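Below is query-v4.txt, holding compact mmCIF, C-alpha atoms and all ligand atoms.
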# COMPACT_ATOMS: atom_id res chain seq x y z
CA MET A 1 17.84 4.26 -16.85
CA THR A 2 17.58 8.02 -16.33
CA ARG A 3 15.11 9.44 -13.90
CA ALA A 4 14.19 13.06 -14.54
CA TYR A 5 13.61 15.62 -11.82
CA ASN A 6 9.81 15.52 -11.70
CA PHE A 7 8.03 18.69 -10.56
CA SER A 8 4.53 17.21 -10.85
CA ALA A 9 1.94 18.63 -8.42
CA GLY A 10 0.42 15.24 -7.71
CA PRO A 11 0.72 12.36 -8.17
CA ALA A 12 4.22 13.56 -7.44
CA THR A 13 7.78 12.33 -7.27
CA LEU A 14 8.61 9.72 -4.64
CA PRO A 15 11.96 9.11 -2.95
CA GLU A 16 14.05 6.96 -5.27
CA THR A 17 15.18 4.68 -2.44
CA VAL A 18 11.54 4.03 -1.52
CA LEU A 19 10.77 2.97 -5.09
CA GLN A 20 13.84 0.74 -5.08
CA GLN A 21 12.80 -0.88 -1.82
CA ALA A 22 9.26 -1.46 -3.11
CA GLN A 23 10.76 -2.99 -6.25
CA ALA A 24 13.01 -5.28 -4.24
CA GLU A 25 10.10 -6.39 -2.04
CA MET A 26 7.59 -6.64 -4.86
CA LEU A 27 7.61 -10.38 -5.49
CA ASP A 28 8.35 -11.62 -2.00
CA TRP A 29 7.72 -9.37 0.99
CA HIS A 30 10.16 -10.23 3.82
CA GLY A 31 10.07 -13.96 3.04
CA ALA A 32 6.27 -14.16 3.10
CA GLY A 33 6.30 -15.88 -0.30
CA ALA A 34 4.00 -13.23 -1.77
CA SER A 35 3.88 -9.53 -2.42
CA ILE A 36 2.41 -7.43 0.38
CA VAL A 37 -0.39 -6.48 -2.04
CA GLU A 38 -1.35 -10.13 -2.44
CA LEU A 39 -1.83 -10.78 1.26
CA SER A 40 -4.91 -10.30 3.42
CA HIS A 41 -5.20 -6.95 5.14
CA ARG A 42 -6.09 -8.94 8.28
CA GLY A 43 -3.01 -11.15 8.18
CA PRO A 44 0.01 -10.60 10.43
CA GLU A 45 2.19 -9.25 7.60
CA PHE A 46 -0.05 -6.38 6.60
CA LEU A 47 -1.09 -5.65 10.18
CA GLN A 48 2.58 -5.09 10.94
CA VAL A 49 2.92 -2.75 7.94
CA ALA A 50 -0.22 -0.84 8.96
CA GLN A 51 0.74 -0.48 12.60
CA GLU A 52 4.29 0.64 11.83
CA ALA A 53 3.00 3.22 9.34
CA GLU A 54 0.69 4.72 11.94
CA ALA A 55 3.35 4.66 14.65
CA ASP A 56 5.91 6.27 12.35
CA LEU A 57 3.49 9.00 11.28
CA ARG A 58 2.65 9.66 14.94
CA THR A 59 6.37 10.02 15.65
CA LEU A 60 7.00 12.24 12.62
CA MET A 61 4.16 14.62 13.40
CA ALA A 62 4.18 14.26 17.20
CA ILE A 63 0.48 13.40 17.07
CA PRO A 64 -1.00 13.44 20.60
CA ASP A 65 -2.76 10.29 21.90
CA ASP A 66 -6.14 11.98 21.96
CA TYR A 67 -6.09 12.03 18.16
CA ALA A 68 -7.11 9.12 15.96
CA VAL A 69 -5.21 8.48 12.72
CA LEU A 70 -7.06 7.00 9.75
CA PHE A 71 -5.81 5.68 6.40
CA LEU A 72 -8.83 5.89 4.08
CA GLN A 73 -9.80 5.69 0.44
CA GLY A 74 -11.62 8.45 -1.41
CA GLY A 75 -8.94 11.10 -1.60
CA ALA A 76 -9.00 14.50 0.02
CA THR A 77 -12.16 15.38 -1.89
CA ALA A 78 -14.18 12.66 -0.17
CA GLN A 79 -13.02 13.97 3.22
CA GLN A 80 -14.34 17.39 2.21
CA ALA A 81 -17.82 15.84 2.07
CA LEU A 82 -17.39 13.53 5.08
CA ILE A 83 -16.34 16.37 7.36
CA PRO A 84 -19.74 18.15 7.33
CA LEU A 85 -21.57 14.80 7.32
CA ASN A 86 -19.79 13.72 10.48
CA PHE A 87 -19.28 16.95 12.39
CA ALA A 88 -22.30 19.18 11.65
CA VAL A 89 -26.02 18.68 12.13
CA PRO A 90 -28.24 19.38 9.10
CA GLY A 91 -28.59 23.10 8.47
CA GLN A 92 -25.83 24.06 10.89
CA LYS A 93 -23.37 26.75 9.85
CA ALA A 94 -19.76 25.99 8.99
CA ASP A 95 -17.17 28.69 8.34
CA TYR A 96 -14.84 28.44 5.34
CA VAL A 97 -11.81 30.60 4.67
CA LEU A 98 -11.38 30.62 0.91
CA THR A 99 -7.83 31.10 -0.38
CA GLY A 100 -7.80 29.18 -3.67
CA HIS A 101 -9.02 26.35 -5.85
CA TRP A 102 -9.07 23.64 -3.17
CA GLY A 103 -10.96 25.83 -0.75
CA LYS A 104 -13.60 26.12 -3.46
CA THR A 105 -13.74 22.35 -3.81
CA ALA A 106 -14.15 22.00 -0.05
CA ILE A 107 -17.09 24.40 -0.13
CA LYS A 108 -18.68 22.63 -3.08
CA GLN A 109 -18.47 19.26 -1.34
CA ALA A 110 -19.86 20.68 1.92
CA ARG A 111 -22.78 22.69 0.53
CA PRO A 112 -25.28 19.79 0.38
CA TYR A 113 -24.79 19.19 4.11
CA VAL A 114 -24.15 22.50 5.86
CA ASP A 115 -24.94 26.17 5.66
CA VAL A 116 -21.58 27.34 4.31
CA ASN A 117 -20.47 30.74 5.52
CA ILE A 118 -17.52 32.08 3.57
CA ALA A 119 -15.90 33.80 6.51
CA ALA A 120 -13.14 35.34 4.41
CA SER A 121 -12.00 35.11 0.83
CA SER A 122 -9.07 36.26 -1.26
CA GLU A 123 -10.91 35.52 -4.52
CA ASN A 124 -11.33 39.19 -5.47
CA GLY A 125 -7.57 39.59 -5.34
CA GLY A 126 -7.10 36.55 -7.59
CA PHE A 127 -6.10 34.28 -4.68
CA ARG A 128 -2.74 35.96 -4.17
CA GLY A 129 -2.93 36.36 -0.41
CA ILE A 130 -4.56 35.23 2.82
CA PRO A 131 -7.18 37.48 4.44
CA ALA A 132 -5.96 38.92 7.75
CA ARG A 133 -7.43 37.11 10.76
CA ALA A 134 -9.00 40.39 11.93
CA ASP A 135 -11.10 40.42 8.76
CA TRP A 136 -12.57 36.93 9.14
CA ARG A 137 -16.30 37.07 9.85
CA LEU A 138 -16.80 33.87 11.82
CA SER A 139 -20.30 32.69 12.78
CA ASP A 140 -21.30 32.46 16.43
CA ASP A 141 -22.50 28.89 16.17
CA ALA A 142 -20.32 27.29 13.48
CA ALA A 143 -19.79 23.53 13.56
CA TYR A 144 -16.17 24.14 12.58
CA VAL A 145 -13.85 26.46 10.66
CA HIS A 146 -12.21 25.07 7.52
CA VAL A 147 -8.95 26.32 6.01
CA THR A 148 -6.68 25.08 3.21
CA ALA A 149 -3.20 25.08 4.68
CA ASN A 150 -1.51 25.16 1.28
CA GLU A 151 -3.25 25.96 -1.98
CA THR A 152 -1.53 23.63 -4.41
CA ILE A 153 -2.59 25.46 -7.57
CA HIS A 154 -2.38 29.09 -6.46
CA GLY A 155 0.80 28.60 -4.42
CA VAL A 156 -0.53 30.30 -1.29
CA GLU A 157 0.34 28.88 2.11
CA PHE A 158 -0.71 29.78 5.64
CA ARG A 159 2.49 30.58 7.51
CA ASP A 160 0.68 30.70 10.90
CA THR A 161 -2.12 28.78 12.54
CA HIS A 162 -4.88 31.33 13.14
CA ASP A 163 -6.70 31.18 16.45
CA VAL A 164 -10.42 30.44 16.13
CA GLY A 165 -11.17 30.01 19.82
CA ASP A 166 -13.07 26.89 20.86
CA VAL A 167 -14.50 26.18 17.42
CA PRO A 168 -12.83 23.11 15.88
CA LEU A 169 -10.29 24.08 13.24
CA VAL A 170 -10.34 21.72 10.25
CA ALA A 171 -7.49 21.94 7.76
CA ASP A 172 -6.74 20.49 4.35
CA PHE A 173 -3.01 19.75 4.53
CA SER A 174 -2.92 17.66 1.34
CA SER A 175 0.06 19.41 -0.16
CA SER A 176 2.03 20.48 2.91
CA ILE A 177 1.63 17.78 5.57
CA VAL A 178 4.98 16.66 7.05
CA SER A 179 6.81 19.49 5.28
CA GLU A 180 7.68 21.20 8.57
CA PRO A 181 6.89 20.81 12.29
CA LEU A 182 3.23 21.43 13.09
CA ASP A 183 1.42 21.78 16.42
CA VAL A 184 -1.30 19.20 15.80
CA SER A 185 -3.10 20.20 19.00
CA LYS A 186 -4.14 23.50 17.40
CA TYR A 187 -6.34 21.57 14.94
CA ALA A 188 -9.41 19.39 15.42
CA VAL A 189 -9.05 17.66 12.05
CA ILE A 190 -6.09 17.48 9.65
CA TYR A 191 -6.62 15.66 6.37
CA ALA A 192 -4.44 15.00 3.36
CA GLY A 193 -4.53 13.01 0.16
CA ALA A 194 -1.25 11.11 0.03
CA GLN A 195 -0.14 11.85 -3.52
CA LYS A 196 1.74 15.07 -2.77
CA ASN A 197 3.89 14.60 0.29
CA LEU A 198 3.05 11.19 1.74
CA GLY A 199 3.18 8.57 -0.98
CA PRO A 200 1.08 7.33 -3.88
CA VAL A 201 -2.47 8.36 -4.73
CA GLY A 202 -5.23 6.15 -3.35
CA VAL A 203 -4.98 6.70 0.38
CA SER A 204 -5.79 9.70 2.55
CA VAL A 205 -4.59 10.38 6.04
CA VAL A 206 -7.18 11.85 8.41
CA ILE A 207 -6.15 12.92 11.91
CA ILE A 208 -9.13 13.57 14.19
CA ARG A 209 -9.31 14.80 17.78
CA ARG A 210 -11.28 12.01 19.44
CA ASP A 211 -13.92 14.18 21.12
CA LEU A 212 -15.24 15.11 17.66
CA LEU A 213 -16.07 11.47 16.98
CA GLU A 214 -18.89 11.78 19.52
CA ARG A 215 -20.73 14.32 17.40
CA ALA A 216 -23.98 13.01 15.93
CA GLY A 217 -23.52 14.55 12.48
CA GLN A 218 -26.08 13.69 9.83
CA PRO A 219 -27.92 10.60 8.62
CA ARG A 220 -25.29 8.60 6.73
CA ALA A 221 -24.07 5.10 6.05
CA ASP A 222 -21.58 3.40 8.33
CA ILE A 223 -18.94 3.53 5.60
CA PHE A 224 -19.13 7.34 5.71
CA THR A 225 -18.75 7.45 9.50
CA TYR A 226 -15.33 8.35 10.86
CA ALA A 227 -16.11 6.83 14.28
CA SER A 228 -16.73 3.46 12.61
CA HIS A 229 -13.43 3.64 10.74
CA VAL A 230 -11.66 4.51 14.00
CA ALA A 231 -13.36 1.58 15.80
CA LYS A 232 -12.16 -0.77 13.04
CA GLU A 233 -8.68 0.81 12.78
CA SER A 234 -9.24 1.83 9.14
CA MET A 235 -10.27 -1.73 8.24
CA LEU A 236 -14.02 -1.35 8.14
CA ASN A 237 -13.64 -2.62 4.58
CA THR A 238 -10.55 -3.59 2.59
CA PRO A 239 -8.10 -0.71 2.92
CA PRO A 240 -5.80 0.43 0.07
CA THR A 241 -2.98 -1.83 1.21
CA TRP A 242 -0.43 -1.00 -1.48
CA ASN A 243 -0.78 2.73 -0.94
CA TRP A 244 -0.66 2.38 2.84
CA TYR A 245 2.47 0.22 2.55
CA LEU A 246 4.22 2.73 0.27
CA ALA A 247 3.29 5.65 2.51
CA GLY A 248 4.78 3.65 5.38
CA LEU A 249 8.06 3.35 3.45
CA VAL A 250 8.02 7.13 2.89
CA PHE A 251 7.57 7.69 6.66
CA LYS A 252 10.56 5.45 7.43
CA TRP A 253 12.62 7.29 4.81
CA MET A 254 11.66 10.63 6.37
CA LEU A 255 12.60 9.48 9.87
CA ALA A 256 15.96 8.20 8.60
CA GLN A 257 16.63 11.56 6.92
CA GLY A 258 16.07 13.48 10.15
CA GLY A 259 12.31 13.95 10.34
CA VAL A 260 10.18 17.02 9.68
CA GLU A 261 12.74 19.43 11.18
CA GLU A 262 15.26 18.42 8.52
CA PHE A 263 12.67 18.60 5.73
CA ALA A 264 11.60 22.05 6.93
CA ARG A 265 15.20 23.27 6.48
CA ARG A 266 15.48 21.70 3.04
CA ASN A 267 12.08 23.00 1.95
CA ALA A 268 12.95 26.53 3.10
CA ARG A 269 16.19 26.47 1.08
CA LYS A 270 14.54 24.94 -1.99
CA SER A 271 11.67 27.41 -2.17
CA ALA A 272 13.89 30.42 -1.33
CA LEU A 273 16.18 29.54 -4.23
CA LEU A 274 13.35 29.44 -6.78
CA TYR A 275 11.72 32.66 -5.55
CA GLN A 276 15.13 34.32 -5.67
CA VAL A 277 15.63 33.33 -9.32
CA ILE A 278 12.13 34.62 -10.13
CA ASP A 279 12.47 37.88 -8.19
CA ASN A 280 15.95 38.60 -9.59
CA SER A 281 14.91 38.01 -13.19
CA GLY A 282 13.93 41.63 -13.84
CA GLY A 283 10.40 40.59 -14.73
CA PHE A 284 11.34 37.77 -17.12
CA TYR A 285 9.76 35.40 -14.57
CA ARG A 286 6.93 36.49 -12.30
CA ASN A 287 5.25 35.05 -9.19
CA GLU A 288 2.22 37.06 -8.14
CA VAL A 289 1.67 35.76 -4.60
CA GLU A 290 2.22 38.08 -1.64
CA PRO A 291 5.73 37.22 -0.45
CA ALA A 292 4.68 36.55 3.16
CA VAL A 293 2.37 33.70 2.14
CA ARG A 294 4.22 32.19 -0.81
CA SER A 295 4.06 28.42 -0.75
CA ARG A 296 7.16 26.40 0.07
CA MET A 297 5.67 23.43 -1.79
CA ASN A 298 4.23 24.77 -5.04
CA VAL A 299 5.88 27.64 -6.90
CA PRO A 300 3.68 28.93 -9.73
CA PHE A 301 5.34 31.38 -12.08
CA PHE A 302 4.75 33.05 -15.42
CA LEU A 303 7.11 33.97 -18.22
CA LYS A 304 6.99 37.57 -19.42
CA ASP A 305 6.35 36.41 -22.95
CA GLU A 306 3.76 33.63 -23.22
CA ALA A 307 5.19 32.58 -26.58
CA LEU A 308 8.17 31.28 -24.59
CA ASN A 309 6.04 28.79 -22.62
CA LYS A 310 6.43 26.00 -25.12
CA PRO A 311 10.19 26.45 -25.66
CA PHE A 312 10.60 26.61 -21.86
CA LEU A 313 8.81 23.30 -21.34
CA ASP A 314 10.54 21.61 -24.30
CA GLU A 315 14.02 22.70 -23.29
CA ALA A 316 13.36 21.86 -19.64
CA LYS A 317 12.36 18.36 -20.65
CA THR A 318 15.53 17.95 -22.68
CA ALA A 319 17.44 19.06 -19.57
CA GLY A 320 15.73 16.31 -17.53
CA LEU A 321 13.23 18.60 -15.77
CA ILE A 322 9.64 17.44 -16.29
CA SER A 323 6.04 18.29 -15.32
CA LEU A 324 6.55 22.05 -15.06
CA LYS A 325 3.41 23.07 -16.92
CA GLY A 326 1.11 25.14 -14.73
CA HIS A 327 -2.44 24.12 -13.83
CA ARG A 328 -4.92 24.92 -16.60
CA ALA A 329 -6.80 27.28 -14.24
CA LEU A 330 -3.78 29.60 -14.02
CA GLY A 331 -1.57 28.86 -17.02
CA GLY A 332 2.15 29.53 -16.89
CA MET A 333 4.44 27.19 -14.98
CA ARG A 334 4.42 25.49 -11.63
CA ALA A 335 7.28 23.77 -9.85
CA SER A 336 6.06 21.46 -7.08
CA ILE A 337 8.93 20.79 -4.72
CA TYR A 338 7.65 18.42 -2.07
CA ASN A 339 9.83 16.57 0.44
CA ALA A 340 10.86 13.95 -2.11
CA MET A 341 12.27 16.54 -4.54
CA PRO A 342 16.01 16.62 -3.79
CA GLU A 343 17.79 19.95 -3.41
CA GLU A 344 19.89 19.05 -6.47
CA GLY A 345 16.67 18.96 -8.52
CA VAL A 346 15.74 22.49 -7.47
CA GLN A 347 19.31 23.68 -8.09
CA ALA A 348 19.14 22.16 -11.58
CA LEU A 349 15.85 23.96 -12.24
CA ALA A 350 17.26 27.26 -10.95
CA SER A 351 20.31 26.97 -13.25
CA PHE A 352 18.09 26.05 -16.17
CA MET A 353 15.85 29.07 -15.54
CA ARG A 354 18.80 31.47 -15.42
CA ASP A 355 20.29 29.92 -18.54
CA PHE A 356 16.96 30.01 -20.39
CA GLN A 357 16.57 33.69 -19.55
CA GLN A 358 20.05 34.44 -20.89
CA ARG A 359 19.27 32.75 -24.15
CA HIS A 360 15.74 34.12 -24.58
CA GLY A 361 15.61 37.29 -22.44
C1 LIG B 401 -4.74 17.48 -4.53
C2 LIG B 401 -5.52 18.21 -3.50
C3 LIG B 401 -6.84 17.87 -3.19
C4 LIG B 401 -7.61 16.79 -3.94
O1 LIG B 401 -7.13 15.54 -3.64
P1 LIG B 401 -7.82 14.23 -4.24
O2 LIG B 401 -7.02 13.15 -3.61
O3 LIG B 401 -7.68 14.30 -5.73
O4 LIG B 401 -9.25 14.22 -3.83
C5 LIG B 401 -7.47 18.58 -2.19
N1 LIG B 401 -6.85 19.57 -1.53
C6 LIG B 401 -5.58 19.93 -1.82
C7 LIG B 401 -4.94 21.03 -1.05
C8 LIG B 401 -4.88 19.27 -2.81
O5 LIG B 401 -3.61 19.62 -3.08
Here is the file; what I need is its structure written in the form of structure tokens.
Ligand SMILES: *Cc1c(COP(=O)(O)O)cnc(C)c1O
Amino acid sequence: MTRAYNFSAGPATLPETVLQQAQAEMLDWHGAGASIVELSHRGPEFLQVAQEAEADLRTLMAIPDDYAVLFLQGGATAQQALIPLNFAVPGQKADYVLTGHWGKTAIKQARPYVDVNIAASSENGGFRGIPARADWRLSDDAAYVHVTANETIHGVEFRDTHDVGDVPLVADFSSSIVSEPLDVSKYAVIYAGAQKNLGPVGVSVVIIRRDLLERAGQPRADIFTYASHVAKESMLNTPPTWNWYLAGLVFKWMLAQGGVEEFARRNARKSALLYQVIDNSGGFYRNEVEPAVRSRMNVPFFLKDEALNKPFLDEAKTAGLISLKGHRALGGMRASIYNAMPEEGVQALASFMRDFQQRHG
């Protein structure tokens, strides 16, 4: 068996030891006589898995007690619709800061339910930066302000939490959650699909300051109501048990490795190495994002000569480096280097890129 270094943007690579543990526990979870995915979500075995996952995530992220933590289906995109449904009254304004593809999705999902005000946008500049806070035109009476902490496709990441006063700050952290320490108390809602940094696709983590749960929101079914999910501890209906279990294994792996502080150091080194190779290539490779807001998680880059795209991908694959093709919206390449991508994988990619340039430059 040879596992490649997998730079997929999501679903993304998982820690090998987590996959091995899941494999070992697959047929008989801790002597239960069944796999964890074959047992009731209300039984003692899964309740233990669920509670430990939440406790471990609370430890990892230092989530204060006045925040609820949910493990839900529907992906990040469903949360983008549930947020206005739950936290804004019909016709109310909500401010969106648009810095890339996923910010657009958030706006699209919200539009049926709120009066979207695009408070700032970097679209005219091709989503290569983040508008300065001084240039945001926030509404007086917004239900909340929404930002995308890391734009997975455009490779643009907020490097600071911008102050928005008393208005709840809602952030899509799908592709950068648990990648470095974060002051949760600066946010009202943090949400993330799991398939980038937390585990497998099929579960989303939503962290909500509890006072927001008292908002009336809009007419909606119980299943679309965050307060109901909180009251039922994410078991209003059958939760995605397999995904929740695997995410829990990832949390334990992260804690054993030294927690978010350790991953922040690794992620800084990994991303710095790739940007260095790109910036020192004399234009053979190119990343167009403003250096101050370059993503530590997703490194999009272009080759000077587009005819080299195919040879680059083919030769990378032969070298055991897969899923480097860029998103179709941008073209070029993208290396996603989440927590589970080992430093050796990024070093291998950096060497390959230098070598490829020597042979084709
Ligand atoms: C992947 C991603 C999404 C979409 O997630 P789904 O689980 O497919 O709904 C939303 N926002 C960001 C930042 C993402 O990276």
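Shortest separation to Gln48 (chain A) among A:Gly10, A:Gly332, A:Gly248, A:Gly217 occurs at residue A:Gly248, atoms counted being all atoms listed in the file.
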Problem - Long-range neighbours of Ile107 (chain A) as a PyMOL selection string, 8 Å cut-off, all atoms listed in the file, 5 positions minimum in chain - result: chain A and resi 80+96+116
Practice task
Pick out the closest residue to Ala53 (chain A) from this set: A:Ser35, A:Thr241, A:Asn86, A:Thr152. Count only C-alpha atoms.
Solution key: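 Checking each of A:Ser35, A:Thr241, A:Asn86, A:Thr152 against Ala53 (chain A), counting only C-alpha atoms, the winner is A:Thr241.
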Practice task
Place a sphere of radius 7 Å on (6.2, 17.6, -9.1) in the file coordinates and name every protein, DNA or RNA residue with an atom inside or on its surface, counting all atoms listed in the file; give the answer as a ChimeraX atom specification.
Solution key: /A:6-10,12-13,323,335-337
Handout entry: Test item: residues no farther than 10 Å from ligand LIG 401 (chain B), counting all atoms listed in the file, as number ranges by chain
Key = A: 9-11, 73-80, 100-106, 147-153, 157, 171-177, 191-197, 200-204, 298
Completion exercise
note - CA of Gln257 (chain A) and CA of Leu70 (chain A) are separated by 24.3 Å
Fill in the blank from the handout: Between A:Ser122, A:Gln109, A:Gln92, A:Ser185, smallest distance to Asp66 (chain A) by all atoms listed in the file belongs to A:Ser185
Exercise for the section: Using CA of Glu261 (chain A) and CA of Ser179 (chain A) as the two end points, give the distance in Å to one decimal. Expected result: 8.4 Å
Handout entry: Minimum-distance residue to Gln51 (chain A), chosen among A:Met235, A:Leu213, A:Leu273, A:Ala188 (using only C-alpha atoms)
Key = A:Met235
Practice task
With a distance cut-off of 8 Å and only C-alpha atoms, select the neighbouring residues of Gly320 (chain A), excluding the residue or stretch itself and same-chain residues fewer than 5 positions from it, and output the selection as a VMD selection string.
Solution key: chain A and resid 3 to 5
Problem - Nearby residues, (-3.1, -10.3, 2.9) file frame, 12 Å, only C-alpha atoms, as an NGL selection string - result: :A and (29 or 32-50 or 238-242 or 245)
